[in-house]
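Okay, structure first, notes after.
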Amino acid sequence: MVQGTAERLSAADAINRGYNMLIATILGLTALAFGTDIIPEAGDKLAYITDDLLLVIIGVAAVTWYLVGRNSYSRSLAPIVFVVLALLAQVAGFAIEIGDIGDLGDDIAGLVLLGALLIVAVVLYSGNRRLLERAAAPA
């Protein structure tokens, strides 16, 4: 509902919104989790914060994209692009920190998380197409 109006959400809008909200929320939480590691890692080596800083920027960008205009209701590849960018940032962090086993743990966890998220995002995106086709079909 928008400011007291009884606007109904179409099935397509609900499907797209759920998908976009899921991916943006997970990326936002990833940004929050890895953002807390920026200050401790900056004490080790400044280059070690590259991936964490990029994950924060990408997470904020994903949440902002979701909240702006009607993006939350659109069927878009943007959430998958955000996940790919986050995964690439994490791969870069892994490459930078590979020589320091003590700082590598969060990068491995990030790779697993973001790799799994990419699989989920792609599977849901393709699966949602069938749902959207059914929702658009006359009853």
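Letters A, B, ... mark the chains of the structure tokens in the order given; residue numbers begin at 1 per chain; ligand numbers begin at 1, in order shown.
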
Set out as JSON lines a contact list for stretch 47-136 of chain A and stretch 18-32 of chain A with a cut-off of 10 Å, giving each residue of stretch 47-136 of chain A that qualifies its closest atom pair and distance in Å to one decimal, counting only C-alpha atoms, ordered by chain and rising residue number.
```
{"residue": "A:Asp52", "atom": "CA", "partner": "A:Ala31", "partner_atom": "CA", "distance": 7.6}
{"residue": "A:Leu53", "atom": "CA", "partner": "A:Ala31", "partner_atom": "CA", "distance": 8.4}
{"residue": "A:Leu54", "atom": "CA", "partner": "A:Ala31", "partner_atom": "CA", "distance": 8.6}
{"residue": "A:Leu55", "atom": "CA", "partner": "A:Ala31", "partner_atom": "CA", "distance": 5.3}
{"residue": "A:Val56", "atom": "CA", "partner": "A:Ala31", "partner_atom": "CA", "distance": 4.2}
{"residue": "A:Ile57", "atom": "CA", "partner": "A:Ala31", "partner_atom": "CA", "distance": 7.5}
{"residue": "A:Ile58", "atom": "CA", "partner": "A:Ala31", "partner_atom": "CA", "distance": 7.5}
{"residue": "A:Gly59", "atom": "CA", "partner": "A:Gly28", "partner_atom": "CA", "distance": 4.5}
{"residue": "A:Val60", "atom": "CA", "partner": "A:Gly28", "partner_atom": "CA", "distance": 6.2}
{"residue": "A:Ala61", "atom": "CA", "partner": "A:Gly28", "partner_atom": "CA", "distance": 8.7}
{"residue": "A:Ala62", "atom": "CA", "partner": "A:Ala24", "partner_atom": "CA", "distance": 5.3}
{"residue": "A:Val63", "atom": "CA", "partner": "A:Ala24", "partner_atom": "CA", "distance": 5.2}
{"residue": "A:Thr64", "atom": "CA", "partner": "A:Ala24", "partner_atom": "CA", "distance": 8.7}
{"residue": "A:Trp65", "atom": "CA", "partner": "A:Ala24", "partner_atom": "CA", "distance": 8.4}
{"residue": "A:Tyr66", "atom": "CA", "partner": "A:Ala24", "partner_atom": "CA", "distance": 6.7}
{"residue": "A:Leu67", "atom": "CA", "partner": "A:Met21", "partner_atom": "CA", "distance": 9.3}
{"residue": "A:Asn71", "atom": "CA", "partner": "A:Asn20", "partner_atom": "CA", "distance": 8.3}
{"residue": "A:Ser72", "atom": "CA", "partner": "A:Asn20", "partner_atom": "CA", "distance": 5.9}
{"residue": "A:Tyr73", "atom": "CA", "partner": "A:Asn20", "partner_atom": "CA", "distance": 7.7}
{"residue": "A:Ser74", "atom": "CA", "partner": "A:Asn20", "partner_atom": "CA", "distance": 8.2}
{"residue": "A:Arg75", "atom": "CA", "partner": "A:Asn20", "partner_atom": "CA", "distance": 8.3}
{"residue": "A:Ser76", "atom": "CA", "partner": "A:Asn20", "partner_atom": "CA", "distance": 8.4}
{"residue": "A:Leu77", "atom": "CA", "partner": "A:Asn20", "partner_atom": "CA", "distance": 9.6}
{"residue": "A:Ala78", "atom": "CA", "partner": "A:Asn20", "partner_atom": "CA", "distance": 8.8}
{"residue": "A:Pro79", "atom": "CA", "partner": "A:Ile23", "partner_atom": "CA", "distance": 6.2}
{"residue": "A:Ile80", "atom": "CA", "partner": "A:Ile23", "partner_atom": "CA", "distance": 8.1}
{"residue": "A:Phe82", "atom": "CA", "partner": "A:Leu27", "partner_atom": "CA", "distance": 8.1}
{"residue": "A:Val83", "atom": "CA", "partner": "A:Leu27", "partner_atom": "CA", "distance": 7.4}
{"residue": "A:Ala86", "atom": "CA", "partner": "A:Leu27", "partner_atom": "CA", "distance": 8.1}
{"residue": "A:Gly110", "atom": "CA", "partner": "A:Thr30", "partner_atom": "CA", "distance": 8.4}
{"residue": "A:Leu113", "atom": "CA", "partner": "A:Thr30", "partner_atom": "CA", "distance": 8.8}
{"residue": "A:Leu114", "atom": "CA", "partner": "A:Leu27", "partner_atom": "CA", "distance": 8.8}
{"residue": "A:Leu117", "atom": "CA", "partner": "A:Ile23", "partner_atom": "CA", "distance": 7.9}
{"residue": "A:Leu118", "atom": "CA", "partner": "A:Ile23", "partner_atom": "CA", "distance": 9.3}
{"residue": "A:Val120", "atom": "CA", "partner": "A:Ile23", "partner_atom": "CA", "distance": 9.1}
{"residue": "A:Ala121", "atom": "CA", "partner": "A:Ile23", "partner_atom": "CA", "distance": 7.0}
{"residue": "A:Leu124", "atom": "CA", "partner": "A:Tyr19", "partner_atom": "CA", "distance": 7.4}
{"residue": "A:Tyr125", "atom": "CA", "partner": "A:Tyr19", "partner_atom": "CA", "distance": 7.6}
{"residue": "A:Asn128", "atom": "CA", "partner": "A:Tyr19", "partner_atom": "CA", "distance": 8.4}
```

Which residues, written as a list in words, have at least one atom at most 9 Å from stretch 95-107 of chain A, with only C-alpha atoms counted and residues fewer than 3 positions away on the same chain left out? Phe34, Asp37, Glu41, Asp44, Ala47, Tyr48, Thr50, Asp51, Gln90, Val91, Ala92, Gly110, Leu111 and Val112 of chain A

Rank nothing, just name the residue among A:Ala89, A:Ile39, A:Ala137, A:Leu132 nearest to A:Gly115, using only C-alpha atoms.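 Under the stated criterion, the closest residue is A:Ala89.
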
Which one is closest to A:Ala116: A:Val84, A:Phe94, A:Arg70, A:Ser10? Count only C-alpha atoms. A:Val84

Give me, please, the distance in Å between atom CA of A:Arg17 and atom CA of A:Gly69, quoted to one decimal.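 According to the coordinates, atom CA of A:Arg17 and atom CA of A:Gly69 are separated by 12.3 Å.
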
Within chain A, find each residue whose DSSP state, derived from the backbone, is helix (DSSP H, G or I), and express the selection as a VMD selection string. chain A and resid 11 to 35 38 to 44 46 to 67 71 to 73 78 to 97 101 to 136

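Here atom CA of A:Ile15 stands at a distance of 24.8 Å from atom CA of A:Leu87.
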
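In this structure, atom CA of A:Gly127 sits 11.4 Å away from atom CA of A:Asn16.
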